[in-house]
Each structure stands twice: as structure tokens, then as C-alpha cells.
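Engineer: First the structure, then my questions, so here it is.
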Amino acid sequence: MARVKWIQSKVSNSVSSTSHSKESTINLPASYGPSGYSYVVTIGLGTPTKDLTLLFDTGSALTWTQCEPCIVSCYSQAQPIFDPSQSSSYANISCNASSCTQLSSTTGNQPNCSGSTCFYGAIYGDKSFSDGFFATETLTLTPKDVITNFEFGCVIRHQHNRNQRSREPTFLPSTVFSNAGTIIDSGTSYTHLPPTAYNALQSAFQEAMANYTSTPPFSPLDTCYDLSGVGTMTFPVITFSFSGPINVDLDVSGTFYVVSASQVCLAFVPNSADTDVGVYGNIQQRTFEVVYDVLGGQIGFGAQGCS
């Protein structure tokens, strides 16, 4: 019901704001998508115009397409991925723009800033996500129907989990980490785990990634894969559980270190011994707002706290 009311409000606002505009009819051919359960349309984007085939979804408020650079968690598509650097009409939207500050009503999430540029993120019911730059571009529906300054999402990260298989989770007891403790260090890239913990993580991770081609190590990372040519990638979710309780679920940027599309590695390394101090590295802190309560002796993690 809430979704219906939201759509109705958007339609009402659209009608009231265009009541004095000239009526027009645009014929845009639609066809079945590859799955047979959706419609797709082909539009032109940018200057010069690049043809893109998009899912036609009247229930979504934001139009988006994959943009370069888009690595690892993006799907394969028939046409080349849109490259904004090759378009003279592309422009990022400022964080201070009203259209940026109002994005939460469209995506359900507060936008972030990448420098002074508006950066949006959307999470769907199946835990799929898309995020990227909020921008304007020239949209061509037909040779005579061209919309300038069209607002859209220029996606650089996307994960679709519809085909992901469910697995029994692997749990590591907290006692594994109690021998020497762990520090949170923004100056160390990879998380260093006790060997007992790392071996269990590596074994479960390799089992879950068995369908992907392994590649030689990238020192000191020893669990790497060739993901070149891979469309939709599924990967196991790694969760750190802190006392509190606080559960930190890592996304793709906190799980992998990307050397290249043909060498993507698990961003964890083992310590020499279980008695060595563990280190929670900055790759695993990406996209999180980490709050240090020094007086209270506590640390907090806010998901999607930064881009």
C-alpha cells in the first residue's frame, strides 16, 4: 500500500506540474528482455548519442545505466558500457543541488558526496544494490524527441543477487581472536587474521567461489580469481561480529582487492601465529563511517556512511 501511495503521489505531482505543457505522443518500441519476463527499450544517451537498451520499469523512480569505469560487480551487456568521458553533454550534479538532497525520496537512502559531486546508492529487497554518480545528460527517445539535462544514475557498482545460491554460513568462535586481540588500523590495507581464522575463511570462500577461475597469487594475497568476461558475479558475504552486538557485513569493495579484471583477490592475509595481534584493515572499512567513542571506550560502524 505504501508503494502504491508513493507512485500515486508521484503521478499526481507530475500531472499538476505539466498541466500547462503541450501534449505530445512518443512511440517507443518495446520488446521482451532476455528473461522473457520484462520489457526493454532502446534509447540514446549522450553527445554524440550512444544507443543503450534499458529495462522499462514504471515502478522505479530513477533511470540508471552502467558507466565506465565499472569493474567486478557489474553485469555484461550487449552494447558498450556508457562512457561519460566521451560525451560533451554529460555533467555531474553538485551535492548542494536540490535534486541531490531530495534523492532519498527516490532511492530510499540519503545521498553521499564524492568531493562536491552527488553520489547515490540504492539497495533492493533481494540485497542487490546499485550506486554511482547522479548526473545530467542528453536523452534521445526519437530523432525529434530529445530531452536535455535529463537526470539519471551513472552506475559504477552494481550487484544483482537473484541467482545467488544459499549456503550454510561458516562461524568462527570469538576465542580465535582472543589470544592477542585485534586493532583497527586505517593505515593497513588488508585485514590480518589469526591463521586458524584465515584458514577457515579461505576454505569456505574457495568453496563458494568454485565456479570461478583461480589465478596465481598477488603477494601477499593468495586467493585470487580471473573475473574478466564475468557478467553477474555472486560472492559469499563476510560478516564481522563485534561485541555490542555489532555485525559488519562486507560488500564487494570490502571483500576484494582488484589488481585487474583478470586478477581479483580476497583482501585478507594470515598472521604468522595465532598469538600475533590481528589488524582490521582499511579495505574492510570502506563505505563505512567508523565512529570512535574514546571516552566511552567504544567503536561504531555505520553502513553506507561514505562513498
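Following the order of the C-alpha cells, first chain is A, next is B, and so on, with residues numbered from 1 inside each chain and ligands from 1 in the order they appear.
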With only C-alpha atoms counted and 8 Å as the cut-off, give the residues of range 179-295 of chain A in contact with range 62-81 of chain A, each with its shortest interatomic distance in Å and the pair that gives it, as a Markdown table.

Structural biologist:
| residue | atom | partner | partner_atom | distance |
| --- | --- | --- | --- | --- |
| A:Leu227 | CA | A:Val72 | CA | 6.8 |
| A:Gly229 | CA | A:Ser76 | CA | 7.6 |
| A:Val230 | CA | A:Ser76 | CA | 7.1 |
| A:Gly231 | CA | A:Tyr75 | CA | 3.9 |
| A:Thr232 | CA | A:Tyr75 | CA | 4.6 |
| A:Met233 | CA | A:Ser73 | CA | 6.1 |
| A:Val252 | CA | A:Ser73 | CA | 7.2 |
| A:Ala261 | CA | A:Val72 | CA | 6.7 |

Engineer: List as an NGL selection string the protein and nucleic acid residues near Gly244 in chain A, meaning an atom at most 10 Å away when only C-alpha atoms are counted, but skip any in the same chain fewer than 2 places from it.

Structural biologist: :A and (241-242 or 246-247 or 298-300)

Engineer: As an exercise, work out the distance from CA of Tyr292 in chain A to CA of Val277 in chain A in Å and give it to one decimal place.

Structural biologist: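 One can read the CA of Tyr292 in chain A to CA of Val277 in chain A distance as 19.8 Å.
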
Engineer: Apply DSSP to the backbone of this structure and, from range 44-285 of chain A, keep only the residues in helix (DSSP H, G or I); write these as a PDB file with C-alpha atoms, in the first residue's frame.

Structural biologist:
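And here is the file that came out, part.pdb:
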ATOM      1  CA  PRO A  84      30.675   9.724 -19.722  1.00  0.00           C
ATOM      2  CA  SER A  85      34.140  10.986 -20.620  1.00  0.00           C
ATOM      3  CA  GLN A  86      33.215  10.580 -24.310  1.00  0.00           C
ATOM      4  CA  SER A  98      18.104  20.372  -4.615  1.00  0.00           C
ATOM      5  CA  SER A  99      17.746  17.334  -6.879  1.00  0.00           C
ATOM      6  CA  CYS A 100      20.594  15.686  -4.950  1.00  0.00           C
ATOM      7  CA  THR A 101      19.270  16.484  -1.482  1.00  0.00           C
ATOM      8  CA  SER A 104      16.274   9.936  -0.626  1.00  0.00           C
ATOM      9  CA  SER A 105      12.632  10.118  -1.706  1.00  0.00           C
ATOM     10  CA  THR A 106      13.638   8.282  -4.889  1.00  0.00           C
ATOM     11  CA  THR A 107      16.181   5.732  -3.679  1.00  0.00           C
ATOM     12  CA  SER A 174      35.387 -15.338  19.194  1.00  0.00           C
ATOM     13  CA  THR A 175      38.047 -17.264  21.135  1.00  0.00           C
ATOM     14  CA  VAL A 176      40.061 -17.485  17.905  1.00  0.00           C
ATOM     15  CA  PHE A 177      40.633 -13.725  18.170  1.00  0.00           C
ATOM     16  CA  PRO A 195      45.984 -18.406  10.917  1.00  0.00           C
ATOM     17  CA  THR A 196      43.196 -20.515  12.417  1.00  0.00           C
ATOM     18  CA  ALA A 197      40.615 -17.919  11.382  1.00  0.00           C
ATOM     19  CA  TYR A 198      42.152 -17.250   7.981  1.00  0.00           C
ATOM     20  CA  ASN A 199      42.355 -20.937   7.044  1.00  0.00           C
ATOM     21  CA  ALA A 200      38.667 -21.422   7.830  1.00  0.00           C
ATOM     22  CA  LEU A 201      37.734 -18.257   5.916  1.00  0.00           C
ATOM     23  CA  GLN A 202      39.842 -19.221   2.910  1.00  0.00           C
ATOM     24  CA  SER A 203      38.404 -22.744   2.773  1.00  0.00           C
ATOM     25  CA  ALA A 204      34.779 -21.551   2.925  1.00  0.00           C
ATOM     26  CA  PHE A 205      35.478 -18.758   0.435  1.00  0.00           C
ATOM     27  CA  GLN A 206      37.133 -21.069  -2.084  1.00  0.00           C
ATOM     28  CA  GLU A 207      34.208 -23.474  -1.851  1.00  0.00           C
ATOM     29  CA  ALA A 208      31.722 -20.676  -2.527  1.00  0.00           C
ATOM     30  CA  VAL A 252      32.311  -6.300  -2.730  1.00  0.00           C
ATOM     31  CA  SER A 253      34.650  -3.347  -2.123  1.00  0.00           C
ATOM     32  CA  GLY A 254      35.466  -4.645   1.355  1.00  0.00           C
ATOM     33  CA  THR A 255      35.963  -8.233   0.234  1.00  0.00           C
TER      34      THR A 255
END

Engineer: Could you tell me how far CA of Asn27 in chain A sits from CA of Thr148 in chain A, in Å to one decimal place?

Structural biologist: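 The value is 18.8 Å.
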
Engineer: Under the rule that only C-alpha atoms are counted, which of A:Pro194, A:Pro270, A:Pro217, A:Pro245 is the nearest residue to Gly181 in chain A?

Structural biologist: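 Nearest candidate to Gly181 in chain A out of A:Pro194, A:Pro270, A:Pro217, A:Pro245: A:Pro194.
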
Engineer: Record the distance separating CA of Ala61 in chain A and CA of Asp83 in chain A, expressed in Å with one decimal.

Structural biologist: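 CA of Asp83 in chain A lies 22.7 Å from CA of Ala61 in chain A.
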
Engineer: May I have the residues within 8 Å of Ile147 in chain A as a ChimeraX atom specification, using only C-alpha atoms and disregarding those fewer than 6 positions away in the same chain?

Structural biologist: /A:138-140

Engineer: Any chance you could export the current selection's all heavy atoms as a CSV table (one decimal), in the first residue's frame?

Structural biologist:
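Output saved as out_15.csv:
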chain,number,residue,atom,x,y,z
A,138,THR,N,22.0,14.3,-22.1
A,138,THR,CA,21.0,14.4,-23.1
A,138,THR,C,20.4,13.1,-23.5
A,138,THR,O,21.1,12.1,-23.8
A,138,THR,CB,21.6,15.0,-24.4
A,138,THR,OG1,22.1,16.4,-24.1
A,138,THR,CG2,20.6,15.1,-25.5
A,139,LEU,N,19.1,13.0,-23.3
A,139,LEU,CA,18.4,11.7,-23.6
A,139,LEU,C,17.6,11.8,-24.9
A,139,LEU,O,16.9,12.8,-25.1
A,139,LEU,CB,17.4,11.4,-22.5
A,139,LEU,CG,16.4,10.2,-22.7
A,139,LEU,CD1,17.2,8.9,-22.6
A,139,LEU,CD2,15.3,10.3,-21.6
A,140,THR,N,17.9,10.9,-25.8
A,140,THR,CA,17.2,10.9,-27.1
A,140,THR,C,16.3,9.7,-27.2
A,140,THR,O,16.7,8.6,-27.2
A,140,THR,CB,18.3,10.8,-28.3
A,140,THR,OG1,19.1,11.9,-28.2
A,140,THR,CG2,17.6,10.8,-29.6

Engineer: Which residues, written as JSON, numbers by chain, have at least one atom at most 6 Å from Gly281 in chain A, with only C-alpha atoms counted and residues fewer than 5 positions away on the same chain left out?

Structural biologist: {"A": [185, 188, 189, 190, 191]}

Engineer: When you count only C-alpha atoms, which of these residues is closest to Ser272 in chain A: A:Leu193, A:Arg157, A:Val290, A:Leu45?

Structural biologist: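 Using only C-alpha atoms, the shortest distance to Ser272 in chain A belongs to A:Leu193.
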
Engineer: Looking at only C-alpha atoms, which of A:Ala303, A:Leu221, A:Ile156, A:Cys113 is the one that sits closest to Asn96 in chain A?

Structural biologist: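 The closest residue to Asn96 in chain A is A:Cys113.
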
Engineer: Using only C-alpha atoms, which of the listed residues (A:Val294, A:Leu250, A:Leu52, A:Ala135) sits closest to Ala91 in chain A?

Structural biologist: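 Ranked by minimum distance to Ala91 in chain A, first place goes to A:Ala135.
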